[in-house]
Amino acid sequence: MGIMSSQHITPTDHQYFHTVGYSGPKDDTENLDRFKIYAPADGEIVSVGKVYGANDYRIVIAHTCTFYTIFIHVDRLADKVAAAITENGAVPEQSWERIPVKEGEIIGTIGTGKFDFSVVDVDVTLKGFARPETYNDQEKGEVWKTHTVDTFDYFKEPVKSQLLAKNLRKIKPFGGKIDYDIDGKIAGNWFVEG
């Protein structure tokens, strides 16, 4: 988390999970069931939507009223998920149908060799934003960002140790950081209307 790029003008609020054995562009279009994506804990899928008009999906799972996991760039939805949201024979651009899932249940697949993953814990508020109100606008803001936490803090063993062994970052916070702001300095994210 926390990298900046042309597609992320604020620090990235998710981690990138890359798979081994990516065979190139053909996997992007011809082998979309290569890797399975599993629900990390019991909960309910509360949102499934196309990613900015693309052919892949963003899936939000509520595990409690204040704890969520988010998967982005899921190429195919699991049959159960697709069936639950299909309208008039097609999957809609966005669905808020509540779909119960169990830990370890397949929710979708990818072929591209990577997906995005983040954890949102509303009971935790990041302290490093100089202007957190910028994110809290329900209409224009990204309200989850001030509650985005390090995913590695929430994995159980032995999965946590297995993932950390493959993680590129070797210092804490292992999952990265998105709240870099230093009040009164030109460090971090600053927004000026207009």
# chains A, B, ... in the order shown; residues from 1 in each chain; ligands from 1
>>> residues_around(residues="Tyr57 in chain A", least_positions_apart="6", cutoff="7 Å", atoms="only C-alpha atoms", output="list in words")
Val48, Gly49, Lys50, Val51, Ile72, His73, Val74 and Asp75 of chain A
>>> select_by_dssp(residues="range 16-190 of chain A", states="strand (DSSP E or B)", output="MDAnalysis selection string")
chainID A and resid 16:18 35:38 43:50 57:62 67:74 76:77 87 90 94:95 99:101 106:110 114:121 148:149 182 187
>>> residues_around(residues="Asp150 in chain A", least_positions_apart="4", cutoff="12 Å", atoms="only C-alpha atoms", output="list in words")
Met1, Gly2, Asp13, His14, Gln15, Thr69, Phe117, Ser118, Val119, Val120, Asp121, Val124, Leu126, Lys145, Tyr154, Phe155, Lys160, Leu164, Lys172, Pro173, Phe174, Gly175, Gly176, Lys177, Ile178 and Asp179 of chain A
>>> atom_distance(atom1="CA of Thr10 in chain A", atom2="CA of Gly188 in chain A")
8.7 Å
>>> closest_residue(among="A:Thr146, A:Lys114, A:Ala62, A:Glu105", to="Arg131 in chain A", atoms="only C-alpha atoms")
A:Thr146
>>> closest_residue(among="A:Ile110, A:Ile99, A:Leu163, A:Ala82", to="Val60 in chain A", atoms="only C-alpha atoms")
A:Ile99
>>> residues_around(residues="Ile59 in chain A", least_positions_apart="5", cutoff="6 Å", atoms="only C-alpha atoms", output="PyMOL selection string")
chain A and resi 47-48+70-71
>>> select_by_dssp(residues="chain A", states="helix (DSSP H, G or I)", output="JSON, numbers by chain")
{"A": [25, 26, 27, 28, 29, 30, 79, 80, 81, 82, 83, 84, 85, 132, 133, 134, 145, 146, 147, 151, 152, 153, 159, 160, 161, 162, 163, 164, 165, 166]}
